[in-house]
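What's in query-v8.txt: compact mmCIF, C-alpha atoms
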# COMPACT_ATOMS: atom_id res chain seq x y z
CA MET A 24 -1.33 -26.04 -33.08
CA THR A 25 -1.04 -22.81 -35.09
CA VAL A 26 -4.56 -23.20 -36.47
CA VAL A 27 -5.93 -23.71 -32.95
CA ARG A 28 -4.02 -20.63 -31.71
CA GLN A 29 -5.31 -18.53 -34.65
CA GLU A 30 -8.84 -19.70 -33.91
CA GLY A 31 -8.36 -18.77 -30.25
CA ASP A 32 -7.09 -15.30 -31.19
CA ARG A 33 -10.05 -14.81 -33.48
CA GLU A 34 -12.50 -15.85 -30.76
CA ARG A 35 -10.86 -13.35 -28.38
CA THR A 36 -11.04 -10.58 -30.98
CA ILE A 37 -14.72 -11.23 -31.65
CA ARG A 38 -15.45 -11.37 -27.90
CA ALA A 39 -13.69 -8.01 -27.38
CA ARG A 40 -15.62 -6.55 -30.32
CA ASN A 41 -18.92 -7.78 -28.87
CA ARG A 42 -18.11 -6.31 -25.45
CA ALA A 43 -17.28 -2.96 -27.08
CA LEU A 44 -20.59 -3.11 -28.98
CA VAL A 45 -22.53 -3.78 -25.77
CA ALA A 46 -20.75 -0.84 -24.09
CA VAL A 47 -21.63 1.44 -27.01
CA LEU A 48 -25.29 0.34 -26.99
CA VAL A 49 -25.61 0.87 -23.22
CA ALA A 50 -23.98 4.29 -23.56
CA LEU A 51 -26.42 5.17 -26.38
CA VAL A 52 -29.42 4.15 -24.26
CA ALA A 53 -28.17 6.35 -21.41
CA LEU A 54 -27.43 9.21 -23.82
CA PHE A 55 -30.88 9.10 -25.47
CA TYR A 56 -32.50 9.02 -22.03
CA ALA A 57 -30.51 12.09 -20.96
CA ILE A 58 -31.24 13.91 -24.26
CA THR A 59 -34.97 13.22 -23.82
CA ILE A 60 -34.94 14.61 -20.27
CA VAL A 61 -33.08 17.76 -21.39
CA ARG A 62 -35.32 18.34 -24.45
CA MET A 63 -38.50 17.79 -22.44
CA GLY A 64 -37.22 20.12 -19.72
CA GLY A 65 -36.40 22.84 -22.27
CA MET B 23 -14.26 -26.83 -31.03
CA SER B 24 -17.57 -24.96 -31.19
CA ASP B 25 -20.02 -25.30 -34.04
CA LEU B 26 -19.20 -21.81 -35.27
CA SER B 27 -15.49 -22.57 -35.30
CA GLU B 28 -16.09 -25.69 -37.35
CA VAL B 29 -18.16 -23.78 -39.86
CA ARG B 30 -15.46 -21.10 -40.07
CA SER B 31 -12.69 -23.66 -40.46
CA ALA B 32 -14.60 -25.14 -43.34
CA GLY B 33 -14.48 -21.72 -44.96
CA VAL B 34 -18.24 -21.21 -45.06
CA ILE B 35 -18.19 -17.93 -43.13
CA PRO B 36 -15.30 -15.59 -43.99
CA ALA B 37 -14.92 -14.43 -40.38
CA SER B 38 -13.25 -11.08 -40.00
CA ALA B 39 -10.12 -10.66 -37.93
CA ALA B 40 -10.88 -6.97 -37.34
CA GLY B 41 -10.56 -5.97 -33.73
CA VAL B 42 -11.82 -2.93 -31.84
CA ARG B 43 -8.55 -1.13 -32.64
CA ASP B 44 -9.14 -1.61 -36.38
CA TYR B 45 -12.64 -0.17 -36.11
CA VAL B 46 -11.20 2.85 -34.31
CA GLU B 47 -8.42 3.20 -36.91
CA ILE B 48 -10.79 3.39 -39.88
CA LEU B 49 -12.46 6.38 -38.22
CA LYS B 50 -9.19 8.31 -38.80
CA PRO B 51 -8.90 9.49 -35.17
CA ARG B 52 -6.05 11.94 -35.89
CA VAL B 53 -8.09 13.77 -38.54
CA MET B 54 -11.10 13.53 -36.24
CA SER B 55 -9.27 15.33 -33.40
CA LEU B 56 -8.76 18.49 -35.49
CA VAL B 57 -12.33 18.30 -36.83
CA VAL B 58 -13.71 17.99 -33.28
CA PHE B 59 -11.58 20.89 -32.04
CA THR B 60 -12.60 23.28 -34.84
CA GLY B 61 -16.23 22.21 -34.44
CA LEU B 62 -16.02 22.86 -30.71
CA VAL B 63 -14.59 26.34 -31.30
CA GLY B 64 -17.45 27.14 -33.71
CA LEU B 65 -19.87 26.01 -31.03
CA VAL B 66 -18.24 28.00 -28.22
CA VAL B 67 -17.81 31.31 -30.09
CA ALA B 68 -21.37 31.28 -31.49
CA PRO B 69 -23.76 33.69 -29.80
CA GLY B 70 -26.52 32.11 -27.76
CA HIS B 71 -26.85 29.22 -25.37
CA LEU B 72 -26.97 25.48 -25.83
CA HIS B 73 -27.46 23.05 -22.95
CA PRO B 74 -24.05 21.51 -22.11
CA LEU B 75 -25.33 17.99 -22.77
CA LEU B 76 -26.71 18.96 -26.18
CA ALA B 77 -23.43 20.77 -26.94
CA ALA B 78 -21.57 17.55 -26.07
CA VAL B 79 -23.96 15.60 -28.31
CA ALA B 80 -23.32 18.06 -31.16
CA VAL B 81 -19.54 17.58 -30.81
CA LEU B 82 -20.04 13.80 -30.60
CA CYS B 83 -22.13 13.85 -33.78
CA ILE B 84 -19.47 15.91 -35.58
CA ALA B 85 -16.82 13.39 -34.46
CA ILE B 86 -18.89 10.36 -35.48
CA GLY B 87 -19.86 11.95 -38.79
CA ALA B 88 -16.21 12.72 -39.57
CA GLY B 89 -15.25 9.17 -38.60
CA ALA B 90 -18.00 7.75 -40.82
CA ALA B 91 -16.76 9.75 -43.80
CA GLY B 92 -13.21 8.52 -43.06
CA ALA B 93 -14.38 4.88 -42.94
CA ILE B 94 -16.21 5.13 -46.27
CA ASN B 95 -13.15 6.90 -47.73
CA MET B 96 -10.98 3.97 -46.60
CA TRP B 97 -13.45 1.52 -48.13
CA TYR B 98 -13.39 3.29 -51.51
CA ASP B 99 -9.62 3.93 -51.52
CA ARG B 100 -8.54 0.46 -50.35
CA ASP B 101 -6.97 -0.30 -53.75
CA ILE B 102 -4.72 2.77 -53.85
CA ASP B 103 -4.08 2.63 -50.09
CA ALA B 104 -2.42 -0.75 -50.66
CA LEU B 105 0.03 0.89 -53.07
CA MET B 106 1.24 3.62 -50.70
CA ARG B 107 3.59 3.00 -47.76
CA ARG B 108 1.78 5.60 -45.61
CA THR B 109 -1.56 3.81 -45.96
CA ALA B 110 -0.65 0.17 -46.68
CA GLY B 111 -0.94 -0.76 -43.00
CA ARG B 112 -4.57 0.39 -42.74
CA PRO B 113 -7.07 -2.35 -41.77
CA LEU B 114 -8.48 -2.85 -45.30
CA PRO B 115 -5.29 -3.03 -47.42
CA ALA B 116 -3.62 -5.02 -44.63
CA GLY B 117 -6.45 -7.59 -44.86
CA ARG B 118 -7.58 -7.26 -41.24
CA MET B 119 -11.04 -6.02 -42.22
CA MET B 120 -13.41 -6.92 -45.02
CA PRO B 121 -14.54 -4.11 -47.36
CA GLY B 122 -18.23 -4.64 -46.57
CA GLU B 123 -17.56 -4.22 -42.87
CA ALA B 124 -15.94 -0.83 -43.38
CA LEU B 125 -18.69 0.35 -45.75
CA GLY B 126 -21.45 -0.87 -43.42
CA PHE B 127 -19.76 0.60 -40.35
CA GLY B 128 -19.25 3.97 -42.04
CA THR B 129 -22.77 4.12 -43.46
CA VAL B 130 -24.45 3.21 -40.15
CA LEU B 131 -22.34 5.75 -38.24
CA GLY B 132 -22.95 8.47 -40.83
CA VAL B 133 -26.73 8.02 -40.83
CA ALA B 134 -26.81 7.71 -37.02
CA SER B 135 -24.76 10.89 -36.49
CA VAL B 136 -27.03 12.94 -38.78
CA LEU B 137 -30.21 11.56 -37.19
CA MET B 138 -28.93 12.17 -33.68
CA MET B 139 -27.85 15.72 -34.57
CA GLY B 140 -31.29 16.42 -36.03
CA LEU B 141 -33.24 14.94 -33.14
CA ALA B 142 -31.07 16.24 -30.29
CA VAL B 143 -29.74 19.57 -31.59
CA ASN B 144 -31.38 21.07 -34.72
CA TYR B 145 -32.05 20.30 -38.38
CA VAL B 146 -29.72 22.98 -39.80
CA ALA B 147 -26.72 21.44 -38.02
CA ALA B 148 -27.90 17.97 -39.11
CA ALA B 149 -28.23 19.11 -42.74
CA LEU B 150 -24.74 20.62 -42.67
CA LEU B 151 -23.35 17.41 -41.20
CA ALA B 152 -25.05 15.38 -43.93
CA ILE B 153 -23.63 17.75 -46.59
CA THR B 154 -20.15 17.40 -45.04
CA ILE B 155 -20.22 13.60 -45.10
CA GLY B 156 -21.72 13.56 -48.61
CA PHE B 157 -19.18 16.09 -49.88
CA TYR B 158 -16.23 14.14 -48.50
CA VAL B 159 -17.46 10.80 -49.83
CA PHE B 160 -19.02 11.69 -53.19
CA VAL B 161 -17.33 14.94 -54.26
CA TYR B 162 -13.81 14.46 -52.84
CA THR B 163 -13.26 10.70 -52.57
CA ILE B 164 -15.24 9.35 -55.50
CA TRP B 165 -15.28 12.26 -57.97
CA LEU B 166 -12.23 14.49 -57.52
CA LYS B 167 -9.43 12.61 -55.78
CA ARG B 168 -8.39 10.44 -58.73
CA ARG B 169 -9.28 12.94 -61.46
CA THR B 170 -7.78 16.36 -60.81
CA PRO B 171 -4.86 18.01 -59.01
CA GLN B 172 -7.45 20.43 -57.61
CA ASN B 173 -8.88 17.51 -55.59
CA ILE B 174 -7.88 18.86 -52.19
CA VAL B 175 -8.69 22.47 -53.10
CA ILE B 176 -12.38 21.73 -53.74
CA GLY B 177 -12.52 18.64 -51.53
CA GLY B 178 -11.02 20.66 -48.70
CA ALA B 179 -14.45 22.21 -48.19
CA ALA B 180 -15.50 19.02 -46.42
CA GLY B 181 -12.91 19.60 -43.70
CA ALA B 182 -13.94 23.24 -43.42
CA PHE B 183 -17.57 22.57 -42.45
CA PRO B 184 -17.14 21.48 -38.77
CA PRO B 185 -16.89 24.99 -37.20
CA MET B 186 -19.93 25.98 -39.28
CA ILE B 187 -21.80 22.94 -37.92
CA GLY B 188 -20.78 23.90 -34.37
CA TRP B 189 -22.02 27.45 -34.98
CA ALA B 190 -25.31 26.21 -36.45
CA ALA B 191 -25.79 23.86 -33.49
CA VAL B 192 -26.08 26.92 -31.22
CA THR B 193 -27.70 29.51 -33.48
CA GLY B 194 -29.76 27.34 -35.81
CA ASP B 195 -28.43 29.22 -38.86
CA VAL B 196 -25.23 30.04 -40.77
CA GLY B 197 -23.95 33.57 -40.19
CA LEU B 198 -21.00 35.51 -41.61
CA PRO B 199 -18.66 34.51 -38.72
CA ALA B 200 -19.36 30.84 -39.47
CA ILE B 201 -18.51 31.43 -43.15
CA ILE B 202 -15.21 33.07 -42.10
CA LEU B 203 -14.30 30.09 -39.91
CA PHE B 204 -15.11 27.88 -42.91
CA ALA B 205 -12.88 30.05 -45.15
CA ILE B 206 -9.90 29.84 -42.77
CA ILE B 207 -9.84 26.04 -43.01
CA PHE B 208 -10.70 26.07 -46.73
CA PHE B 209 -7.68 28.24 -47.66
CA TRP B 210 -5.41 26.49 -45.14
CA THR B 211 -6.07 23.03 -46.63
CA PRO B 212 -4.14 23.32 -49.96
CA PRO B 213 -0.74 24.34 -48.50
CA HIS B 214 -1.25 21.80 -45.71
CA PHE B 215 -1.90 18.87 -48.06
CA TRP B 216 0.55 19.93 -50.76
CA ALA B 217 3.33 20.03 -48.15
CA LEU B 218 2.55 16.37 -47.46
CA SER B 219 2.24 15.50 -51.13
CA LEU B 220 5.64 17.08 -51.87
CA TYR B 221 7.46 14.46 -49.82
CA ARG B 222 5.00 11.67 -50.72
CA ALA B 223 4.87 12.49 -54.45
CA GLY B 224 6.43 9.17 -55.44
CA GLU B 225 3.78 7.19 -53.59
CA TYR B 226 0.93 9.26 -55.04
CA ALA B 227 2.39 8.80 -58.54
CA ALA B 228 2.65 5.04 -58.04
CA ALA B 229 -0.98 4.94 -56.91
CA GLY B 230 -2.10 7.10 -59.85
CA VAL B 231 -3.42 9.93 -57.65
CA PRO B 232 -2.94 13.22 -59.56
CA MET B 233 -1.68 15.34 -56.68
CA LEU B 234 -0.25 18.70 -57.77
CA PRO B 235 3.48 17.75 -57.43
CA VAL B 236 2.82 14.65 -59.55
CA VAL B 237 0.97 16.51 -62.31
CA ALA B 238 2.44 20.03 -62.31
CA GLY B 239 5.82 19.46 -60.64
CA ARG B 240 7.44 20.56 -57.40
CA ARG B 241 8.15 24.15 -58.45
CA GLU B 242 4.54 24.89 -59.40
CA THR B 243 3.31 23.23 -56.18
CA LYS B 244 5.64 25.32 -54.02
CA GLN B 245 4.48 28.48 -55.81
CA GLN B 246 0.82 27.57 -55.23
CA MET B 247 1.52 26.83 -51.56
CA LEU B 248 3.15 30.24 -51.12
CA LEU B 249 0.21 31.97 -52.84
CA TYR B 250 -2.32 30.21 -50.63
CA THR B 251 -0.46 31.24 -47.46
CA LEU B 252 -0.65 34.85 -48.69
CA VAL B 253 -4.38 34.54 -49.45
CA LEU B 254 -4.78 33.17 -45.94
CA TRP B 255 -3.54 36.45 -44.40
CA PRO B 256 -6.73 38.52 -44.89
CA VAL B 257 -8.89 35.46 -44.29
CA ALA B 258 -7.17 34.71 -40.96
CA LEU B 259 -7.43 38.37 -39.94
CA ALA B 260 -11.07 38.65 -41.06
CA PRO B 261 -12.51 37.76 -37.62
CA TRP B 262 -10.70 40.82 -36.22
CA LEU B 263 -11.43 43.06 -39.24
CA LEU B 264 -15.15 42.31 -38.91
CA GLY B 265 -15.18 42.77 -35.15
CA ILE B 266 -15.79 39.11 -34.39
CA ALA B 267 -12.48 38.78 -32.51
CA GLY B 268 -10.29 41.25 -30.64
CA ALA B 269 -6.71 42.52 -30.67
CA LEU B 270 -5.32 39.42 -28.96
CA TYR B 271 -6.57 37.26 -31.80
CA ALA B 272 -5.36 39.76 -34.43
CA ALA B 273 -1.81 39.85 -33.03
CA GLY B 274 -1.61 36.06 -32.78
CA ALA B 275 -3.15 35.45 -36.21
CA ALA B 276 -0.77 37.98 -37.83
CA LEU B 277 2.27 36.33 -36.23
CA LEU B 278 1.11 32.86 -37.22
CA SER B 279 0.37 33.98 -40.78
CA VAL B 280 3.88 35.47 -41.08
CA ALA B 281 5.34 32.19 -39.80
CA PHE B 282 3.17 30.12 -42.19
CA THR B 283 4.25 32.21 -45.19
CA GLY B 284 7.83 32.00 -43.91
CA SER B 285 7.63 28.21 -43.86
CA ALA B 286 6.29 28.27 -47.45
CA ILE B 287 9.27 30.43 -48.48
CA LEU B 288 11.63 27.93 -46.85
CA VAL B 289 9.92 25.14 -48.81
CA TRP B 290 10.34 27.23 -51.99
CA LEU B 291 14.09 27.60 -51.34
CA ASP B 292 14.73 24.03 -50.16
CA THR B 293 15.65 21.43 -52.75
CA THR B 294 15.15 18.57 -50.26
CA ASP B 295 11.94 17.41 -48.52
CA ARG B 296 13.00 18.65 -45.09
CA SER B 297 11.19 22.00 -45.19
CA ALA B 298 8.05 20.40 -46.63
CA ARG B 299 7.93 17.96 -43.70
CA ARG B 300 8.38 20.86 -41.29
CA MET B 301 5.70 22.90 -43.03
CA PHE B 302 3.24 20.01 -42.85
CA ALA B 303 3.81 19.73 -39.08
CA PHE B 304 3.63 23.51 -38.65
CA SER B 305 0.41 23.74 -40.67
CA LEU B 306 -1.31 21.53 -38.10
CA LEU B 307 0.00 23.71 -35.30
CA TYR B 308 -1.08 26.83 -37.23
CA LEU B 309 -4.71 25.76 -37.48
CA PHE B 310 -4.80 24.54 -33.89
CA LEU B 311 -3.37 27.85 -32.63
CA ILE B 312 -5.62 30.04 -34.81
CA PHE B 313 -8.72 28.33 -33.42
CA SER B 314 -7.24 28.31 -29.90
CA LEU B 315 -6.75 32.08 -30.20
CA LEU B 316 -10.38 32.50 -31.20
CA LEU B 317 -11.36 30.48 -28.15
CA VAL B 318 -9.11 32.44 -25.77
CA ASP B 319 -10.14 35.75 -27.31
CA HIS B 320 -13.80 34.85 -26.90
CA THR B 321 -13.28 33.65 -23.31
CA CYS B 322 -11.54 36.95 -22.51
CA GLY B 323 -14.68 38.72 -23.68
CA ALA B 324 -13.32 40.34 -26.82
CA GLY B 325 -15.25 38.13 -29.23
CA VAL B 326 -18.82 37.89 -30.48
Show me the file's structure as structure tokens.
Amino acid sequence: MTVVRQEGDRERTIRARNRALVAVLVALVALFYAITIVRMGG
Amino acid sequence: MSDLSEVRSAGVIPASAAGVRDYVEILKPRVMSLVVFTGLVGLVVAPGHLHPLLAAVAVLCIAIGAGAAGAINMWYDRDIDALMRRTAGRPLPAGRMMPGEALGFGTVLGVASVLMMGLAVNYVAAALLAITIGFYVFVYTIWLKRRTPQNIVIGGAAGAFPPMIGWAAVTGDVGLPAIILFAIIFFWTPPHFWALSLYRAGEYAAAGVPMLPVVAGRRETKQQMLLYTLVLWPVALAPWLLGIAGALYAAGAALLSVAFTGSAILVWLDTTDRSARRMFAFSLLYLFLIFSLLLVDHTCGAGV
């Protein structure tokens, strides 16, 4: 039971990590787009 | 059970238990907050104009660069961190993160922050950021920290660069005011860290880190702390003496410098660790207030 619970916790941790990574990547795409617009405008 | 779980259970892939919180922790967010603030002040008081988005990117790059240096520092120091109570709970010594993860994370963030600063802001700020990260990792962490009691005196330069980077982000160069902002943090760092090392001397000794109280004793450390707070007087007042800041800043900086020296005298007289703990806390407040004064003074129109 403990092993299964540990495995479940690990899966949840990895899932949360992946979601955070996706959020960071999306934010970076938006940021680079905005930087490009500002630099081109300047 | 999924295929991946079976492979992990068999011990083929040493899956990490590091969560998002651990990744944030190895960026040393508390250190980062002061770095970001001083960098922001350098950026605001610098003459010239920078688009608000690019200014935000510059601050973000400073934050990420500082975090990257912190992560690589934690990777390198994981052996001695495990020996000290203050650091034993960090993700690496606690076994929640694998060393390679921390090194990879720190390296990727460091390179990314420098590239982004160069592409979005300017190459001078990017070069200074690269020097800061390199100085903290190679000069302080790898070279000095375990070899000399002057580790935080020289290594402290790494923490002093952020306002200079902020300044360079706006102006594209490094002027005298930026060097003064650098000097304030540079001369503030030794009494700040030695206050901490006074009441953590036992842990540093156990870990083999030659902090000044461990090598030269408490009396010598207290004397050095007092001397550095005195040296800090003209340095802290330099922005006013050189016409970079106005009377409001001068009055505040003088009062804060008196209080900082006063706290060093209390440490000198105290045979317990109480005053050292108080001085460590006050040193953080001191730097925050000095840079806040510069900000207020500049906003009121008395600055550069």
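Taking atom CA of B:Ala147 as the reference point, atom CA of B:Gly70 is found at 14.8 Å.
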Pick out the chain B residues within 7 Å of chain A. Count all atoms listed in the file. Give them as a PyMOL selection string.
-> chain B and resi 39+41-42+142
Point-to-point distance in Å for atom CA of B:Phe204 and atom CA of B:Val67 | 13.5 Å
Work out how far atom CA of B:Val79 is from atom CA of B:Leu141, in Å to one decimal.
->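 Atom CA of B:Val79 lies at a distance of 10.5 Å from atom CA of B:Leu141.
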Shell around B:Met106 at 10 Å using only C-alpha atoms, local window under 4 positions removed, as an mmCIF file with C-alpha atoms, in the coordinates of the input:
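Once written, out_6.cif looks like this:
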data_model
loop_
_atom_site.group_PDB
_atom_site.id
_atom_site.type_symbol
_atom_site.label_atom_id
_atom_site.label_comp_id
_atom_site.auth_asym_id
_atom_site.auth_seq_id
_atom_site.Cartn_x
_atom_site.Cartn_y
_atom_site.Cartn_z
ATOM 1 C CA ASP B 101 -6.970 -0.300 -53.750
ATOM 2 C CA ILE B 102 -4.720 2.770 -53.850
ATOM 3 C CA ALA B 110 -0.650 0.170 -46.680
ATOM 4 C CA GLY B 111 -0.940 -0.760 -43.000
ATOM 5 C CA PRO B 115 -5.290 -3.030 -47.420
ATOM 6 C CA ARG B 222 5.000 11.670 -50.720
ATOM 7 C CA GLY B 224 6.430 9.170 -55.440
ATOM 8 C CA GLU B 225 3.780 7.190 -53.590
ATOM 9 C CA TYR B 226 0.930 9.260 -55.040
ATOM 10 C CA ALA B 227 2.390 8.800 -58.540
ATOM 11 C CA ALA B 228 2.650 5.040 -58.040
ATOM 12 C CA ALA B 229 -0.980 4.940 -56.910
#
Using only C-alpha atoms, collect all residues at a distance of at most 9 Å from (4.7, 31.8, -47.7) as written in the file, then present them as a list in words.
-> Gln245, Met247, Leu248, Leu249, Tyr250, Thr251, Leu252, Ser279, Val280, Ala281, Phe282, Thr283, Gly284, Ser285, Ala286, Ile287, Leu288, Val289 and Trp290 of chain B
Would you put the residues from that selection into a file with C-alpha atoms, as a tab-separated table (two decimals), in the frame of the given file?
chain	number	residue	atom	x	y	z
B	245	GLN	CA	4.48	28.48	-55.81
B	247	MET	CA	1.52	26.83	-51.56
B	248	LEU	CA	3.15	30.24	-51.12
B	249	LEU	CA	0.21	31.97	-52.84
B	250	TYR	CA	-2.32	30.21	-50.63
B	251	THR	CA	-0.46	31.24	-47.46
B	252	LEU	CA	-0.65	34.85	-48.69
B	279	SER	CA	0.37	33.98	-40.78
B	280	VAL	CA	3.88	35.47	-41.08
B	281	ALA	CA	5.34	32.19	-39.80
B	282	PHE	CA	3.17	30.12	-42.19
B	283	THR	CA	4.25	32.21	-45.19
B	284	GLY	CA	7.83	32.00	-43.91
B	285	SER	CA	7.63	28.21	-43.86
B	286	ALA	CA	6.29	28.27	-47.45
B	287	ILE	CA	9.27	30.43	-48.48
B	288	LEU	CA	11.63	27.93	-46.85
B	289	VAL	CA	9.92	25.14	-48.81
B	290	TRP	CA	10.34	27.23	-51.99
Contacts of B:Val161 within 10 Å, only C-alpha atoms, excl. fewer than 6 positions in-chain, as a count of residues only = 8
Residue nearest B:Arg296 among B:Val196, B:Leu259, B:Leu218, B:Ala275 (counting only C-alpha atoms) = B:Leu218
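Each of B:Val46, B:Ala80, B:Ile153, B:Val66 was checked against B:Met138 using only C-alpha atoms; the smallest atom-to-atom distance is that of B:Ala80.
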What would the list of residues within 8 Å of (-23.8, 4.3, -30.7) (file frame) look like as a PyMOL selection string, if all atoms listed in the file are what count?
-> (chain A and resi 47-48+50-51) or (chain B and resi 131+134)
Identify which of the residues B:Ala200, B:Arg169, B:Ala205, B:Phe302 lies closest to B:Val237, counting only C-alpha atoms when measuring atom-to-atom distances.
-> B:Arg169
Please return the centre and edge lengths, in Å to one decimal, of a box with edges along x, y and z that contains all listed atoms of stretch 49-59 of chain A, widened by 3 Å on every side, as lines of an AutoDock Vina configuration file.
center_x = -29.5
center_y = 7.4
center_z = -23.7
size_x = 17.0
size_y = 19.0
size_z = 11.4
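Checking B:Phe183, B:Trp97, B:Trp189, B:Tyr308 one by one against B:Gly64, counting all atoms listed in the file, you find the shortest gap at B:Trp189.
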Across B:Gln172, B:Thr293, B:Thr129, B:Ser314, the smallest distance to B:Ala152, with only C-alpha atoms counted, is shown by B:Thr129
Pick out the residues sitting within 8 Å of B:Val57, and hand them over as JSON, numbers by chain; count only C-alpha atoms, and ignore anything fewer than 4 positions along from it in its own chain.
-> {"B": [53, 61, 84, 85, 88, 181, 184]}
What would the file look like if the residues just selected were written as a PDB file, in the frame of the given file with C-alpha atoms?
ATOM      1  CA  VAL B  53      -8.090  13.770 -38.540  1.00  0.00           C
ATOM      2  CA  GLY B  61     -16.230  22.210 -34.440  1.00  0.00           C
ATOM      3  CA  ILE B  84     -19.470  15.910 -35.580  1.00  0.00           C
ATOM      4  CA  ALA B  85     -16.820  13.390 -34.460  1.00  0.00           C
ATOM      5  CA  ALA B  88     -16.210  12.720 -39.570  1.00  0.00           C
ATOM      6  CA  GLY B 181     -12.910  19.600 -43.700  1.00  0.00           C
ATOM      7  CA  PRO B 184     -17.140  21.480 -38.770  1.00  0.00           C
TER       8      PRO B 184
END
